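Here's the structure we're looking at; comments come further down.
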Amino acid sequence: MTNSTATLLADLAGALGDAQVLTAAADVEPYLVDQRGRYRGAARAVVRPADASQVSAVVRICAAAGVPLVAQGGNTGMCGAATPDASGTAVVVSLARMRRIRALDPDNATITVDAGTTLADVQRAATGAGLMFPLSLASEGSCTIGGNISTNAGGTAVLRYGNMRELVLGIEAVLADGRVWNGLRGLRKDNTGYDLKQLFIGSEGTLGIVTAAVLKLFPAPRMRVTAMAAMQDVTHALRLLHRMKQSLGDRLVGFELMSAVALALSRAHHPELPDPLPGHPWYVLLQADDSAAAAPLAAEVEAALAGAAEDRDIADATLAQSQDQAARLWALRENISEAQRREGPNIKHDIALPLSAIPAFIESTASALTDAFPGSRLVVFGHLGDGNLHYNVAAPVGGSGAAFMDNTSRVNRIVHDRVAVAGGSISAEHGIGQLKREELAHYKPALDIELMRRVKAALDPQGLLNPGKVLA
Ligand code: MLT
Ligand code: ZN
């Protein structure tokens with residue numbers, strides 16, 4: 001250990017206590033690898049501050065020593081944003097101990113939480129007050145609000161409630177010089193100049209370390225209907241979406257697409273789950289909520305599905321008859337990502353497209369990929385209601401997943417070029433991190449990159465906050 005590292009560690013221990021400065025290999029290991037096992041980094045130490053003032057102390061110490069900082073929440077990110085690089089120079093700041101629910105204001109319908117609070121804990125606290133926090137993700141038991149904010153997380157209820165960006169009213173963040181910026185306001189209207197909190201949302205820890213947030217709460221749904229429908233192609237799925245929006249308005253909360261390949265993968269790893277509508281190429285899982293307990297929601301969903309069947313937009317459909325049945329249908333959808341991870345590496349895309357462009361995109365991309373990589377498996381699923389597809393490409397059956405990853409640049413070009421032509425985005429809800437840094441540089445207009453660099457330089461002049469993430 002160099003003298004400078006020894007001094008740094010002593011200063012950090014002075015601020016946080018010895019027990020919260022981890023350096024032993026076994027202690028730091030879980031913080032150095034992303035959840036998909038795709039990125040492995042190194043760090044001088046992992047620190048575990050208890051509150052914003054300790055985060056501030058850590059940042060001041062590291063800034064004075066010129067040491068990079070990587071903030072980490074539940075380490076469930078998809079793009080390696082929370083994993084340090086391999087240089088071993090960084091200090092990882094884990095926010096996992098910062099889990100206080102600071103305030104819940106039912107009259108203002110807001111909750112104020114520390115950044116390390118898990119999404120599930122926020123949902124539970126809201127439910128306990130007869131309200132609801134709508135962000136919903138497969139990893140909600142372990143992902144944290146700070147991570148959700150830093151990646152502008154989306155999930156399965158964006159259609160009705162928006163991304164994290166729309167759900168945050170206020171933020172507290174530690175700046176690159178260690179000052180604590182207090183933007184913890186609970187206002188739904190505030191036109192006093194630039195909306196600074198939005199800079200920190202979706203910036204993946206590159207502009208500041210989010211330490212707390214004020215989040216919007218909503219009336220709890222008292223009626224919930226979950227249904228699954230099968231159809232021949234995505235054009236028909238979009239027709240069903242249109243019909244459901246017309247029938248249900250903003251009571252349509254989620255509209256999820258699954259290809260037969262994606263669904264089969266989920267069931268292969270969870271054979272205990274149902275297969276309610278076998279034998280179709282595409283499926284939609286939809287959820288509608290109403291906060292009126294006596295709303296005739298099930299009858300309305302059923303009538304809309306019957307109309308869709310009559311017009312041959314869907315081939316078959318089923319309505320969950322109990323909460324348990326609904327949970328099992330949702331498990332089919334939510335397990336796809338985990339099932340893919342267990343199958344081995346695959347080339348992931350998290351794209352957003354105008355809804356109207358999706359059928360042509362699916363057709364032309366699938367044929368270009370199967371021409372270039374015969375037998376490759378397209379695992380397509382995602383949040384069709386938001387125009388967000390997880391368009392993943394895996395090796396042919398029996399082929400080596402690891403070897404197939406060598407094709408990543410070519411596959412990315414085929415997929416992302418078509419996304420760009422359709423006016424879409426190469427990252428809808430997972431962020432950029434390390435995974436899409438080069439893709440961002442390739443597709444973002446030069447002026448966008450220049451403006452992003454100027455914002456970065458203004459907020460982090462030493463370039464110490466999560467270096468090498470988002471911007472190359
Ligand atoms: C999902 O929608 O299941 C997640 O975003 C995860 C994924 O794309 O792998
Ligand atoms: Zn998703």
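Just remember, in the structure tokens the first chain shown is A, the second B, etc., residues are 1-based per chain, and ligands are 1-based in the order shown.
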>> Any residue with an atom at most 10 Å from ligand 1 counts, using only C-alpha atoms and all ligand atoms. Which are they? Put them as JSON, numbers by chain.
In response: {"A": [36, 76, 77, 78, 136, 137, 138, 139, 153, 154, 155, 156, 256, 257, 333, 334, 335, 336, 337, 338, 339, 340, 341, 348, 349, 350, 351, 380, 381, 382, 383, 388, 389, 390, 391, 392, 428, 429, 430]}
Output for the residues just chosen: N, CA, C and O atoms as a short mmCIF file (atom, residue, chain, number, x, y, z; two decimals), in the first residue's frame:
data_model
loop_
_atom_site.label_atom_id
_atom_site.label_comp_id
_atom_site.auth_asym_id
_atom_site.auth_seq_id
_atom_site.Cartn_x
_atom_site.Cartn_y
_atom_site.Cartn_z
N ARG A 36 -24.80 -8.86 -13.52
CA ARG A 36 -24.78 -9.81 -14.63
C ARG A 36 -23.42 -10.47 -14.79
O ARG A 36 -23.22 -11.30 -15.66
N THR A 76 -27.85 -3.53 -8.92
CA THR A 76 -28.71 -4.32 -9.80
C THR A 76 -28.74 -3.73 -11.22
O THR A 76 -29.54 -4.17 -12.05
N GLY A 77 -27.88 -2.75 -11.49
CA GLY A 77 -27.91 -2.05 -12.79
C GLY A 77 -27.58 -2.96 -13.95
O GLY A 77 -26.96 -4.02 -13.79
N MET A 78 -28.00 -2.56 -15.12
CA MET A 78 -27.85 -3.38 -16.33
C MET A 78 -26.65 -2.99 -17.17
O MET A 78 -26.32 -3.68 -18.14
N SER A 136 -42.22 0.09 -10.52
CA SER A 136 -42.27 -1.36 -10.31
C SER A 136 -41.28 -2.04 -11.25
O SER A 136 -41.34 -1.87 -12.47
N LEU A 137 -40.33 -2.79 -10.66
CA LEU A 137 -39.27 -3.45 -11.43
C LEU A 137 -39.06 -4.85 -10.88
O LEU A 137 -39.31 -5.09 -9.70
N ALA A 138 -38.52 -5.73 -11.73
CA ALA A 138 -38.24 -7.09 -11.25
C ALA A 138 -37.30 -7.08 -10.05
O ALA A 138 -37.42 -7.90 -9.14
N SER A 139 -36.36 -6.13 -10.00
CA SER A 139 -35.35 -6.14 -8.92
C SER A 139 -35.77 -5.27 -7.74
O SER A 139 -34.92 -4.86 -6.95
N ALA A 153 -34.92 5.04 -13.81
CA ALA A 153 -35.51 3.72 -14.05
C ALA A 153 -36.93 3.83 -14.59
O ALA A 153 -37.63 4.82 -14.35
N GLY A 154 -37.35 2.79 -15.30
CA GLY A 154 -38.69 2.77 -15.90
C GLY A 154 -39.54 1.67 -15.29
O GLY A 154 -40.17 1.86 -14.26
N GLY A 155 -39.56 0.49 -15.94
CA GLY A 155 -40.31 -0.63 -15.39
C GLY A 155 -41.67 -0.78 -16.03
O GLY A 155 -41.91 -0.34 -17.16
N THR A 156 -42.58 -1.39 -15.27
CA THR A 156 -43.82 -1.89 -15.88
C THR A 156 -45.03 -0.97 -15.69
O THR A 156 -46.13 -1.34 -16.09
N GLU A 256 -47.36 -5.09 -21.52
CA GLU A 256 -46.06 -5.74 -21.71
C GLU A 256 -46.12 -6.74 -22.85
O GLU A 256 -47.07 -7.53 -22.94
N LEU A 257 -45.09 -6.73 -23.67
CA LEU A 257 -45.00 -7.63 -24.82
C LEU A 257 -44.04 -8.77 -24.51
O LEU A 257 -43.01 -8.56 -23.88
N ARG A 333 -43.58 -12.93 -16.98
CA ARG A 333 -42.94 -11.77 -17.61
C ARG A 333 -41.67 -11.38 -16.86
O ARG A 333 -40.63 -11.14 -17.48
N GLU A 334 -41.78 -11.31 -15.54
CA GLU A 334 -40.64 -10.76 -14.79
C GLU A 334 -39.44 -11.69 -14.75
O GLU A 334 -38.32 -11.25 -14.52
N ASN A 335 -39.67 -12.98 -14.99
CA ASN A 335 -38.54 -13.92 -14.95
C ASN A 335 -37.77 -14.00 -16.26
O ASN A 335 -36.76 -14.70 -16.33
N ILE A 336 -38.22 -13.31 -17.28
CA ILE A 336 -37.54 -13.45 -18.59
C ILE A 336 -36.07 -13.03 -18.49
O ILE A 336 -35.16 -13.74 -18.93
N SER A 337 -35.85 -11.88 -17.87
CA SER A 337 -34.49 -11.35 -17.81
C SER A 337 -33.55 -12.31 -17.05
O SER A 337 -32.44 -12.60 -17.50
N GLU A 338 -34.04 -12.78 -15.91
CA GLU A 338 -33.25 -13.71 -15.10
C GLU A 338 -33.01 -15.02 -15.85
O GLU A 338 -31.90 -15.58 -15.84
N ALA A 339 -34.04 -15.49 -16.57
CA ALA A 339 -33.90 -16.73 -17.35
C ALA A 339 -32.83 -16.53 -18.41
O ALA A 339 -31.99 -17.41 -18.64
N GLN A 340 -32.82 -15.37 -19.03
CA GLN A 340 -31.80 -15.10 -20.07
C GLN A 340 -30.41 -15.09 -19.46
O GLN A 340 -29.46 -15.59 -20.04
N ARG A 341 -30.31 -14.50 -18.27
CA ARG A 341 -29.01 -14.44 -17.60
C ARG A 341 -28.50 -15.87 -17.34
O ARG A 341 -27.33 -16.18 -17.57
N LYS A 348 -27.64 -7.55 -25.35
CA LYS A 348 -28.87 -6.89 -24.90
C LYS A 348 -29.05 -5.53 -25.55
O LYS A 348 -28.08 -4.80 -25.72
N HIS A 349 -30.29 -5.21 -25.86
CA HIS A 349 -30.62 -3.86 -26.32
C HIS A 349 -31.85 -3.40 -25.57
O HIS A 349 -32.80 -4.17 -25.40
N ASP A 350 -31.80 -2.17 -25.14
CA ASP A 350 -32.92 -1.58 -24.39
C ASP A 350 -33.32 -0.33 -25.17
O ASP A 350 -32.79 0.75 -24.94
N ILE A 351 -34.22 -0.53 -26.12
CA ILE A 351 -34.45 0.54 -27.10
C ILE A 351 -35.84 1.16 -26.95
O ILE A 351 -36.76 0.51 -26.47
N VAL A 380 -37.28 -11.16 -27.66
CA VAL A 380 -37.87 -9.82 -27.69
C VAL A 380 -39.01 -9.75 -26.69
O VAL A 380 -39.92 -10.59 -26.69
N PHE A 381 -38.94 -8.77 -25.82
CA PHE A 381 -40.00 -8.55 -24.84
C PHE A 381 -39.88 -7.09 -24.40
O PHE A 381 -39.02 -6.36 -24.90
N GLY A 382 -40.75 -6.67 -23.50
CA GLY A 382 -40.58 -5.32 -22.98
C GLY A 382 -41.88 -4.58 -22.81
O GLY A 382 -42.97 -5.17 -22.81
N HIS A 383 -41.72 -3.28 -22.69
CA HIS A 383 -42.81 -2.42 -22.25
C HIS A 383 -43.43 -1.78 -23.49
O HIS A 383 -43.16 -0.60 -23.78
N ASN A 388 -40.93 0.70 -25.53
CA ASN A 388 -39.62 0.25 -25.03
C ASN A 388 -39.49 -1.27 -25.19
O ASN A 388 -40.21 -2.02 -24.55
N LEU A 389 -38.58 -1.67 -26.08
CA LEU A 389 -38.36 -3.11 -26.29
C LEU A 389 -37.01 -3.54 -25.71
O LEU A 389 -36.02 -2.83 -25.86
N HIS A 390 -37.00 -4.69 -25.08
CA HIS A 390 -35.74 -5.35 -24.75
C HIS A 390 -35.51 -6.33 -25.90
O HIS A 390 -36.16 -7.37 -25.99
N TYR A 391 -34.63 -5.91 -26.79
CA TYR A 391 -34.43 -6.63 -28.05
C TYR A 391 -33.10 -7.36 -27.95
O TYR A 391 -32.05 -6.85 -28.35
N ASN A 392 -33.16 -8.56 -27.38
CA ASN A 392 -31.92 -9.27 -27.04
C ASN A 392 -31.62 -10.35 -28.07
O ASN A 392 -32.52 -11.02 -28.56
N ALA A 428 -33.50 3.09 -23.34
CA ALA A 428 -34.82 3.56 -22.92
C ALA A 428 -34.89 3.73 -21.41
O ALA A 428 -35.39 4.73 -20.92
N GLU A 429 -34.37 2.71 -20.67
CA GLU A 429 -34.57 2.73 -19.21
C GLU A 429 -33.41 2.16 -18.43
O GLU A 429 -33.43 2.22 -17.21
N HIS A 430 -32.40 1.60 -19.09
CA HIS A 430 -31.30 1.00 -18.34
C HIS A 430 -30.11 1.94 -18.17
O HIS A 430 -29.23 1.66 -17.39
#
> Where does DSSP see strand (DSSP E or B) in segment 40-82 of chain A, if you list the residues as a PyMOL selection string?
Replying inline: chain A and resi 40+45-47+69-72
> Excluding same-chain residues fewer than 3 positions from Ala71 of chain A, what lies within 7 Å of it counting only C-alpha atoms, as a count of residues only?
Replying inline: 6
> If you run DSSP on this backbone, which residues of segment 110-356 of chain A come out as helix (DSSP H, G or I), and could you give them as number ranges by chain?
Replying inline: A: 119-128, 145-150, 158-161, 164-167, 197-200, 234-251, 260-269, 297-310, 323-334, 336-343, 355-356
> Which neighbours of Ile432 of chain A fall inside 10 Å, counting only C-alpha atoms, when residues of the same chain fewer than 3 positions from it are skipped, and could you give them as a PyMOL selection string?
Replying inline: chain A and resi 78-81+151+202-204+426-429+435-440+469-471
Would you output that residue set with all heavy atoms, as a short mmCIF file (atom, residue, chain, number, x, y, z; two decimals), in the first residue's frame?
data_model
loop_
_atom_site.label_atom_id
_atom_site.label_comp_id
_atom_site.auth_asym_id
_atom_site.auth_seq_id
_atom_site.Cartn_x
_atom_site.Cartn_y
_atom_site.Cartn_z
N MET A 78 -28.00 -2.56 -15.12
CA MET A 78 -27.85 -3.38 -16.33
C MET A 78 -26.65 -2.99 -17.17
O MET A 78 -26.32 -3.68 -18.14
CB MET A 78 -29.09 -3.21 -17.21
CG MET A 78 -30.36 -3.70 -16.59
SD MET A 78 -30.33 -5.50 -16.61
CE MET A 78 -31.89 -5.85 -15.84
N CYS A 79 -26.05 -1.81 -16.91
CA CYS A 79 -25.04 -1.30 -17.84
C CYS A 79 -23.67 -1.08 -17.20
O CYS A 79 -22.82 -0.41 -17.79
CB CYS A 79 -25.54 -0.01 -18.48
SG CYS A 79 -27.06 -0.25 -19.42
N GLY A 80 -23.46 -1.58 -16.00
CA GLY A 80 -22.15 -1.46 -15.36
C GLY A 80 -21.82 -0.07 -14.86
O GLY A 80 -20.64 0.25 -14.63
N ALA A 81 -22.84 0.75 -14.62
CA ALA A 81 -22.57 2.12 -14.17
C ALA A 81 -22.04 2.17 -12.74
O ALA A 81 -21.34 3.11 -12.37
CB ALA A 81 -23.84 2.97 -14.28
N THR A 151 -30.39 6.13 -12.69
CA THR A 151 -30.57 5.54 -14.03
C THR A 151 -31.89 5.97 -14.66
O THR A 151 -32.22 5.49 -15.75
CB THR A 151 -30.57 4.00 -13.93
OG1 THR A 151 -31.58 3.61 -12.98
CG2 THR A 151 -29.23 3.46 -13.49
N GLY A 202 -30.85 10.33 -13.88
CA GLY A 202 -30.39 9.73 -15.14
C GLY A 202 -28.93 10.01 -15.45
O GLY A 202 -28.46 9.63 -16.52
N SER A 203 -28.19 10.67 -14.53
CA SER A 203 -26.79 10.98 -14.86
C SER A 203 -25.81 9.97 -14.25
O SER A 203 -24.60 10.13 -14.34
CB SER A 203 -26.43 12.41 -14.47
OG SER A 203 -26.62 12.59 -13.10
N GLU A 204 -26.35 8.92 -13.65
CA GLU A 204 -25.57 7.73 -13.26
C GLU A 204 -24.36 8.08 -12.38
O GLU A 204 -23.27 7.54 -12.56
CB GLU A 204 -25.16 6.93 -14.51
CG GLU A 204 -26.37 6.52 -15.34
CD GLU A 204 -26.05 5.69 -16.57
OE1 GLU A 204 -25.21 4.79 -16.47
OE2 GLU A 204 -26.64 5.94 -17.65
N ILE A 426 -31.22 4.47 -28.12
CA ILE A 426 -30.47 3.23 -27.84
C ILE A 426 -30.50 2.88 -26.35
O ILE A 426 -29.99 1.84 -25.96
CB ILE A 426 -29.01 3.32 -28.32
CG1 ILE A 426 -28.28 4.47 -27.61
CG2 ILE A 426 -28.95 3.46 -29.85
CD1 ILE A 426 -26.80 4.26 -27.52
N SER A 427 -31.05 3.75 -25.52
CA SER A 427 -31.24 3.38 -24.12
C SER A 427 -32.55 3.96 -23.63
O SER A 427 -32.70 5.18 -23.52
CB SER A 427 -30.10 3.90 -23.24
OG SER A 427 -30.40 3.60 -21.89
N ALA A 428 -33.50 3.09 -23.34
CA ALA A 428 -34.82 3.56 -22.92
C ALA A 428 -34.89 3.73 -21.41
O ALA A 428 -35.39 4.73 -20.92
CB ALA A 428 -35.89 2.58 -23.38
N GLU A 429 -34.37 2.71 -20.67
CA GLU A 429 -34.57 2.73 -19.21
C GLU A 429 -33.41 2.16 -18.43
O GLU A 429 -33.43 2.22 -17.21
CB GLU A 429 -35.86 1.98 -18.85
CG GLU A 429 -35.83 0.51 -19.28
CD GLU A 429 -36.95 -0.34 -18.69
OE1 GLU A 429 -37.88 0.22 -18.09
OE2 GLU A 429 -36.87 -1.57 -18.85
N LEU A 435 -21.61 -0.06 -20.65
CA LEU A 435 -22.07 -0.93 -21.75
C LEU A 435 -22.35 -0.15 -23.03
O LEU A 435 -22.04 -0.62 -24.12
CB LEU A 435 -23.34 -1.68 -21.31
CG LEU A 435 -23.95 -2.65 -22.31
CD1 LEU A 435 -23.01 -3.82 -22.57
CD2 LEU A 435 -25.29 -3.18 -21.82
N LYS A 436 -22.94 1.04 -22.89
CA LYS A 436 -23.38 1.73 -24.11
C LYS A 436 -22.64 3.04 -24.34
O LYS A 436 -23.10 3.89 -25.09
CB LYS A 436 -24.88 1.99 -24.02
CG LYS A 436 -25.63 0.68 -24.04
CD LYS A 436 -27.10 0.85 -24.10
CE LYS A 436 -27.75 -0.49 -23.84
NZ LYS A 436 -28.95 -0.38 -23.06
N ARG A 437 -21.52 3.22 -23.66
CA ARG A 437 -20.74 4.44 -23.76
C ARG A 437 -20.33 4.72 -25.22
O ARG A 437 -20.53 5.82 -25.73
CB ARG A 437 -19.50 4.23 -22.90
CG ARG A 437 -18.84 5.41 -22.37
CD ARG A 437 -17.74 5.00 -21.45
NE ARG A 437 -17.01 3.82 -21.96
CZ ARG A 437 -16.16 3.09 -21.24
NH1 ARG A 437 -15.96 3.39 -19.98
NH2 ARG A 437 -15.53 2.07 -21.76
N GLU A 438 -19.81 3.70 -25.88
CA GLU A 438 -19.35 3.90 -27.26
C GLU A 438 -20.54 4.08 -28.19
O GLU A 438 -20.48 4.85 -29.14
CB GLU A 438 -18.48 2.73 -27.74
CG GLU A 438 -17.03 2.82 -27.23
CD GLU A 438 -16.90 2.50 -25.74
OE1 GLU A 438 -17.71 1.69 -25.22
OE2 GLU A 438 -16.01 3.07 -25.07
N GLU A 439 -21.63 3.36 -27.90
CA GLU A 439 -22.84 3.50 -28.73
C GLU A 439 -23.39 4.92 -28.60
O GLU A 439 -23.85 5.52 -29.57
CB GLU A 439 -23.91 2.49 -28.32
CG GLU A 439 -23.55 1.04 -28.61
CD GLU A 439 -23.35 0.78 -30.10
OE1 GLU A 439 -24.34 0.65 -30.84
OE2 GLU A 439 -22.17 0.73 -30.51
N LEU A 440 -23.34 5.45 -27.38
CA LEU A 440 -23.83 6.83 -27.17
C LEU A 440 -23.01 7.80 -28.02
O LEU A 440 -23.55 8.66 -28.72
CB LEU A 440 -23.74 7.22 -25.69
CG LEU A 440 -24.35 8.58 -25.37
CD1 LEU A 440 -25.87 8.46 -25.22
CD2 LEU A 440 -23.77 9.16 -24.08
N LYS A 469 -17.97 6.59 -17.16
CA LYS A 469 -19.35 6.14 -17.33
C LYS A 469 -20.10 7.22 -18.12
O LYS A 469 -19.79 8.41 -17.99
CB LYS A 469 -20.03 5.93 -15.97
CG LYS A 469 -19.22 5.14 -14.98
CD LYS A 469 -18.98 3.71 -15.43
CE LYS A 469 -17.96 3.01 -14.55
NZ LYS A 469 -18.21 3.04 -13.14
N VAL A 470 -21.05 6.82 -18.88
CA VAL A 470 -21.88 7.68 -19.74
C VAL A 470 -21.03 8.30 -20.87
O VAL A 470 -21.22 7.98 -22.02
CB VAL A 470 -22.64 8.77 -18.96
CG1 VAL A 470 -23.56 9.55 -19.92
CG2 VAL A 470 -23.46 8.16 -17.82
N LEU A 471 -20.12 9.19 -20.49
CA LEU A 471 -19.25 9.83 -21.49
C LEU A 471 -17.91 9.10 -21.50
O LEU A 471 -17.35 8.82 -20.44
CB LEU A 471 -19.04 11.30 -21.14
CG LEU A 471 -20.28 12.18 -21.27
CD1 LEU A 471 -20.04 13.53 -20.59
CD2 LEU A 471 -20.67 12.39 -22.71
#
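Compared by their closest atoms to ligand 2, and using only C-alpha atoms and all ligand atoms, the residues A:Ala173, A:Ala157, A:Leu22, A:Cys62 rank with A:Ala157 nearest.
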>> One decimal, in Å: what's the spacing between atom CA of Gln20 of chain A and atom CA of Pro49 of chain A?
In response: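 Taking atom CA of Gln20 of chain A as the start and atom CA of Pro49 of chain A as the end point, the length is 7.0 Å.
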> Within 10 Å of Asp27 of chain A, counting only C-alpha atoms, which residues qualify if same-chain residues fewer than 6 places away don't, as JSON, numbers by chain?
Replying inline: {"A": [21, 45, 46]}
>> From the options A:Ala129, A:Leu459, A:Leu464, A:Leu263, which residue's atoms come nearest to Ala65 of chain A, counting only C-alpha atoms?
In response: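 The shortest atom-to-atom distance to Ala65 of chain A comes from A:Leu464.
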> Which residues come within 9 Å of Arg179 of chain A, counting only C-alpha atoms, excluding same-chain residues fewer than 4 positions away, as a PyMOL selection string?
Replying inline: chain A and resi 56+59-60+173-175
Could the residues in this selection be saved with C-alpha atoms as a short mmCIF file (atom, residue, chain, number, x, y, z; two decimals), in the first residue's frame?
data_model
loop_
_atom_site.label_atom_id
_atom_site.label_comp_id
_atom_site.auth_asym_id
_atom_site.auth_seq_id
_atom_site.Cartn_x
_atom_site.Cartn_y
_atom_site.Cartn_z
CA SER A 56 -19.98 14.72 2.11
CA VAL A 59 -16.26 13.22 -1.14
CA ARG A 60 -14.22 16.04 0.45
CA ALA A 173 -27.12 15.40 -3.61
CA VAL A 174 -23.50 15.66 -2.59
CA LEU A 175 -21.60 17.70 -5.15
#
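Near segment 267-274 of chain A, within 8 Å and counting only C-alpha atoms, sit Arg328, Leu329, Ala331, Leu332 and Ala339 of chain A; same-chain residues fewer than 6 positions away were not included.
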> Which of these, A:Leu286, A:Leu384, A:Val55, A:Ala372, has the shortest distance to ligand 2 once you count only C-alpha atoms and all ligand atoms?
Replying inline: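 Looking at the shortest contact to ligand 2, the residue is A:Leu384.
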>> Nearest residue to Thr235 of chain A out of A:Ala309, A:Leu169, A:Ile314, A:Ala264, using only C-alpha atoms?
In response: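 For Thr235 of chain A, the nearest of the candidates is A:Ile314.
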